[in-house]
There are 2 protein chains.
Amino acid sequence: MPVTIKDVARAAGVSPSTVSRALTTPALVQAETRLRVERAAAELGYQPNRAARGLITGRTGNIGLIVPDLTNPFFPGVVKGVQSRARESDFSVFLADTDEDPTAEAGLVRALSKQVDGIVLCSPRMTEEDLRAVAGETPIVMLNRRVGQIPAITIDNVDGIRQAVAHLAALGHRRIAYVAGPRLSWSNRERARALRSVTAGSGIDLVEIGNFAPQFAGGVAAADQVLAAGVTAVVAYNDLVALGLLNWFATRGVKVPEAISVMGFDDIVLSQMVSPSLTTVAQPQEPIGRAGVDMLLQLLEDPDRAAVARRELPSQLMVRHSTGHAPTT
Amino acid sequence: MPVTIKDVARAAGVSPSTVSRALTTPALVQAETRLRVERAAAELGYQPNRAARGLITGRTGNIGLIVPDLTNPFFPGVVKGVQSRARESDFSVFLADTDEDPTAEAGLVRALSKQVDGIVLCSPRMTEEDLRAVAGETPIVMLNRRVGQIPAITIDNVDGIRQAVAHLAALGHRRIAYVAGPRLSWSNRERARALRSVTAGSGIDLVEIGNFAPQFAGGVAAADQVLAAGVTAVVAYNDLVALGLLNWFATRGVKVPEAISVMGFDDIVLSQMVSPSLTTVAQPQEPIGRAGVDMLLQLLEDPDRAAVARRELPSQLMVRHSTGHAPTT
DNA sequence: CATCATCGTGCAAACGATTTCAGACTGGCT
DNA sequence: AGCCAGTCTGAAATCGTTTGCACGATGATG
């Protein structure tokens with residue numbers, strides 16, 4: 001038998017209405033009564049029933065978070081960011097994992113939407129059409145993708161690529177490969193585009209390879225094609241792919257970075273744990289998550305903001321041991 | 001303006017009560033009316049409001065999941081298991097991350113407990129005392145820990161250790177080290193105890209080193225002590241620690257497995273991604289999560305079961321490339 | 001001193017479902 | 001024909017909050 005607002009009311013000698021006001025709109029009640037109420041509430045350990053409140057206010061105090069695959073080490077960082085930012089504002093987080101199934105995404109959004117005030121949609125794989133549809137039904141903030149005017153947090157892929165290429169160029173590389181990620185991935189298209197425009201007219205040849213799955217196995221699969229391309233450096237779609245490359249190069253006896261330099265993207269924790277450690281372009285995972293919640297909460301308070309709700313976070317080159325001078329063949 | 005039970009009632013030409021019954025207790029309404037109701041509900045896309053239902057039934061249809069640190073790659077697998085099993089029974093999952101703060105755990109449990117029917121507590125770090133306290137207030141299932149009669153899922157650490165030692169013994173190792181994890185960790189104590197009892201009287205010397213943090217850095221920190229111990233093989237508390245060892249051995253120029261064999265525990269995805277890939281004792285992460293939810297749901301249906309709610313899952317040796325024959329010095 | 005805001009509070013009606021209870025109808029049995 | 005048991009349905013109460021409205025008290029104003 002949990003303690004309800006009535007218990008508090010009785011204990012404080014006021015009506016339930018007053019208790020409610022004292023706790024949610026303190027300005028409306030006299031200082032002295034408010035104090036009495038607060039004391040009674042504290043004493044009884046009163047916690048308002050969220051379901052009941054939600055029923056009448058129409059707000060749940062929950063947000064939903066949908067990720068493609070939690071075992072991809074990029075996402076846990078984002079989830080933590082979402083988590084902690086949400087908790088700061090007393091929101092709880094529903095988590096759902098789509099298992100990389102693009103068709104499941106829309107369904108999950110709809111299922112969750114009844115129980116939350118808004119949804120953070122991380123790296124959605126679904127079609128633009130579906131995306132627009134669900135964005136029309138529920139407050140949504142996207143992470144790592146940009147579609148039309150839908151509120152979104154992205155990172156500066158172009159600048160990240162520019163830093164990466166500058167680094168490789170400084171090391172003397174003149175012919176580099178890009179191991180592309182999934183065709184459906186917005187980030188992949190962005191990065192490929194940025195690479196083309198940055199290398200164009202800079203005296204650096206770009207060889208595009210793939211598409212490959214954004215996973216370790218994808219890198220393994222791509223490795224021999226990279227070797228055949230006759231490049232001195234390779235930029236992978238993400239760290240997982242880069243780790244796959246690294247692994248296969250190791251078993252093939254190809255020395256990194258002496259024979260070939262390898263770069264990733266994301267800066268997942270693993271990239272420091274392998275040897276050679278992986279040079280990569282860091283995406284600030286927790287900040288991305290936090291920024292997503294920030295934006296979502298703003299949107300909930302003031303839906304008109306949606307028109308300008310787009311934010312781009314900086315990316316940063318992390319130089320480690322998988323890149324080095326181009327071999328002087 | 002979402003569609004309510006009244007809308008369905010009107011469309012079907014019956015009362016709200018009948019709609020409710022038709023949808024939740026079909027046996028109670030005539031086949032023909034039930035059909036009418038179902039059709040109307042489908043047509044309008046009716047989804048019962050969970051908050052309203054919860055208000056009267058006292059059940060939320062949600063479960064809480066608390067993990068110490070989502071960026072520890074062991075946990076995402078568990079979370080996925082919890083996720084998918086919960087979804088099968090139409091439960092949604094609240095996720096909370098304690099950031100490895102043992103004192104935050106109890107608070108989080110209490111905060112969540114109002115919004116969920118039960119909680120899955122993964123690898124809790126809090127004191128036994130706190131644990132018993134919260135277990136008394138809310139339905140709880142623990143993962144990877146056993147305390148008194150609290151419902152719990154664990155894996156067979158003893159058998160895992162036995163497999164590990166048998167493997168090493170077969171390779172000729174006669175002196176092995178154990179790099180211990182956190183003193184507070186139940187799993188760590190279990191594994192250490194199992195190692196002692198399995199090696200005792202088997203002609204194998206055991207050297208215990210540590211405690212160390214259950215992370216990559218912990219392994220790095222332990223590496224030189226391991227080398228100094230004059231062993232030919234080392235078993236780490238978990239894979240992360242093993243990866244730390246591997247990494248430091250690599251930079252020290254110590255060849256694995258030629259000079260020393262390294263084993264981990266958990267089988268996180270990373271262990272296949274490094275080279276040499278890591279021999280380890282697999283804990284079935286998704287099954288652990290699923291089993292936890294299974295048990296929790298059973299408990300909710302029939303709280304008397306709590307007395308016998310304890311389950312142990314098998315562990316399994318995964319032999320990869322970080323272990324080999326003992327050097328024949 | 002009458003009038004009028006203003007303030008603080010309580011009453012009661014919501015919110016959207018479930019569930020108890022009672023009534024209407026059917027059919028079988030005496 | 002009368003009665004009873006059994007089915008099916010609807011009315012109304014309920015869960016724990018929030019909130020519009022009305023009311024009384026207070027203080028300011030002319």
# chains A, B, ... in the order shown; residues from 1 in each chain; ligands from 1

call {"tool": "select_by_dssp", "arguments": {"residues": "stretch 186-273 of chain A", "states": "strand (DSSP E or B)", "output": "list of chain:residue names"}}
result
A:Asp205, A:Leu206, A:Val207, A:Glu208, A:Ile209, A:Ala233, A:Val234, A:Val235, A:Ala236, A:Ser261, A:Val262, A:Met263, A:Gly264, A:Phe265, A:Asp266

call {"tool": "residues_around", "arguments": {"residues": "A:Asn72", "least_positions_apart": "3", "cutoff": "9 Å", "atoms": "only C-alpha atoms (C1' of nucleotides)", "output": "PyMOL selection string"}}
result
(chain A and resi 68-69+75-76+215+240) or (chain B and resi 76)

call {"tool": "residues_around", "arguments": {"residues": "A:Ala326", "least_positions_apart": "6", "cutoff": "8 Å", "atoms": "only C-alpha atoms (C1' of nucleotides)", "output": "list in words"}}
result
Leu171, Gly172, His173, Thr232, Ala233, Glu258, Ala259, Ile260 and Ser261 of chain A

call {"tool": "interface_residues", "arguments": {"of": "chain A", "to": "chain D", "cutoff": "12 Å", "atoms": "only C-alpha atoms (C1' of nucleotides)", "output": "PyMOL selection string"}}
result
chain A and resi 2-7+16-21+23-25+47-59

call {"tool": "write_last_selection", "arguments": {"atoms": "C-alpha atoms", "output": "PDB file, in the first residue's frame"}}
result
ATOM      1  CA  PRO A   2       1.986   2.913  -1.283  1.00  0.00           C
ATOM      2  CA  VAL A   3       1.476   6.390   0.143  1.00  0.00           C
ATOM      3  CA  THR A   4      -0.825   8.557  -1.963  1.00  0.00           C
ATOM      4  CA  ILE A   5      -1.528  12.213  -2.184  1.00  0.00           C
ATOM      5  CA  LYS A   6      -4.463  11.770   0.157  1.00  0.00           C
ATOM      6  CA  ASP A   7      -2.278  10.415   2.900  1.00  0.00           C
ATOM      7  CA  PRO A  16      -5.267  16.851  -1.922  1.00  0.00           C
ATOM      8  CA  SER A  17      -5.486  19.773  -4.314  1.00  0.00           C
ATOM      9  CA  THR A  18      -3.300  21.828  -2.060  1.00  0.00           C
ATOM     10  CA  VAL A  19      -0.775  19.079  -1.770  1.00  0.00           C
ATOM     11  CA  SER A  20      -0.626  18.810  -5.509  1.00  0.00           C
ATOM     12  CA  ARG A  21      -0.133  22.523  -5.883  1.00  0.00           C
ATOM     13  CA  LEU A  23       4.508  20.152  -4.819  1.00  0.00           C
ATOM     14  CA  THR A  24       4.167  21.114  -8.444  1.00  0.00           C
ATOM     15  CA  THR A  25       3.312  24.837  -8.406  1.00  0.00           C
ATOM     16  CA  GLN A  47       6.368   9.831  -4.476  1.00  0.00           C
ATOM     17  CA  PRO A  48       3.658  10.936  -6.866  1.00  0.00           C
ATOM     18  CA  ASN A  49       2.299   8.153  -9.008  1.00  0.00           C
ATOM     19  CA  ARG A  50       3.588   8.906 -12.456  1.00  0.00           C
ATOM     20  CA  ALA A  51       0.922   6.961 -14.243  1.00  0.00           C
ATOM     21  CA  ALA A  52      -1.822   8.921 -12.593  1.00  0.00           C
ATOM     22  CA  ARG A  53      -0.109  12.184 -13.277  1.00  0.00           C
ATOM     23  CA  GLY A  54       0.574  11.216 -16.848  1.00  0.00           C
ATOM     24  CA  LEU A  55      -3.002  10.279 -17.331  1.00  0.00           C
ATOM     25  CA  ILE A  56      -4.154  13.801 -16.766  1.00  0.00           C
ATOM     26  CA  THR A  57      -1.205  15.885 -17.916  1.00  0.00           C
ATOM     27  CA  GLY A  58      -0.611  13.817 -21.011  1.00  0.00           C
ATOM     28  CA  ARG A  59       3.103  13.739 -20.265  1.00  0.00           C
TER      29      ARG A  59
END

call {"tool": "atom_distance", "arguments": {"atom1": "atom CA of A:Ala22", "atom2": "atom CA of A:Asp90"}}
result
18.5 Å

call {"tool": "closest_atom_pairs", "arguments": {"of": "chain A", "to": "chain B", "cutoff": "8 Å", "atoms": "only C-alpha atoms", "output": "tab-separated table"}}
result
residue	atom	partner	partner_atom	distance
A:Asn49	CA	B:Lys114	CA	7.4
A:Arg50	CA	B:Gln115	CA	7.3
A:Ala51	CA	B:Ala51	CA	4.8
A:Ala52	CA	B:Leu55	CA	6.3
A:Gly54	CA	B:Ala51	CA	7.0
A:Leu55	CA	B:Ala51	CA	6.2
A:Leu70	CA	B:Pro76	CA	5.7
A:Thr71	CA	B:Pro76	CA	5.5
A:Pro73	CA	B:Pro73	CA	7.3
A:Pro76	CA	B:Thr71	CA	5.5
A:Gly77	CA	B:Thr71	CA	6.3
A:Lys80	CA	B:Asp97	CA	7.0
A:Gln83	CA	B:Ala96	CA	6.8
A:Ser92	CA	B:Phe94	CA	7.1
A:Val93	CA	B:Phe94	CA	5.7
A:Phe94	CA	B:Phe94	CA	4.6
A:Leu95	CA	B:Val93	CA	6.1
A:Ala96	CA	B:Gln83	CA	6.8
A:Asp97	CA	B:Lys80	CA	7.0
A:Lys114	CA	B:Asn49	CA	7.4
A:Gln115	CA	B:Arg50	CA	7.3
A:Phe216	CA	B:Met273	CA	7.2
A:Leu243	CA	B:Met273	CA	6.9
A:Gly244	CA	B:Met273	CA	7.0
A:Asn247	CA	B:Ser275	CA	6.3
A:Ala250	CA	B:Ser275	CA	7.3
A:Leu270	CA	B:Leu270	CA	7.5
A:Met273	CA	B:Asn247	CA	6.7
A:Val274	CA	B:Val274	CA	6.1
A:Ser275	CA	B:Asn247	CA	6.4

call {"tool": "closest_atom_pairs", "arguments": {"of": "chain C", "to": "chain B", "cutoff": "7 Å", "atoms": "only C-alpha atoms (C1' of nucleotides)", "output": "tab-separated table"}}
result
residue	atom	partner	partner_atom	distance
C:DG16	C1'	B:Ala52	CA	5.0
C:DA17	C1'	B:Arg53	CA	4.8
C:DT18	C1'	B:Ile56	CA	6.2

call {"tool": "write_last_selection", "arguments": {"atoms": "N, CA and C atoms (P, O5', C5', C4', C3', O3' and C1' of nucleotides)", "output": "CSV table (one decimal), in the first residue's frame"}}
result
chain,number,residue,atom,x,y,z
C,16,DG,P,-8.5,10.6,-22.4
C,16,DG,O5',-8.4,9.1,-22.0
C,16,DG,C5',-7.1,8.5,-21.9
C,16,DG,C4',-7.2,7.1,-21.3
C,16,DG,C3',-8.2,6.2,-22.1
C,16,DG,O3',-7.6,5.0,-22.3
C,16,DG,C1',-8.7,6.2,-19.8
C,17,DA,P,-8.2,3.9,-23.3
C,17,DA,O5',-8.8,2.8,-22.3
C,17,DA,C5',-8.0,1.7,-22.0
C,17,DA,C4',-7.9,1.5,-20.5
C,17,DA,C3',-8.7,0.3,-20.0
C,17,DA,O3',-7.8,-0.9,-20.0
C,17,DA,C1',-8.9,2.2,-18.5
C,18,DT,P,-8.4,-2.3,-19.9
C,18,DT,O5',-8.8,-2.4,-18.4
C,18,DT,C5',-7.8,-2.6,-17.4
C,18,DT,C4',-8.5,-2.8,-16.1
C,18,DT,C3',-9.2,-4.1,-15.9
C,18,DT,O3',-8.9,-4.5,-14.6
C,18,DT,C1',-10.7,-2.3,-15.4
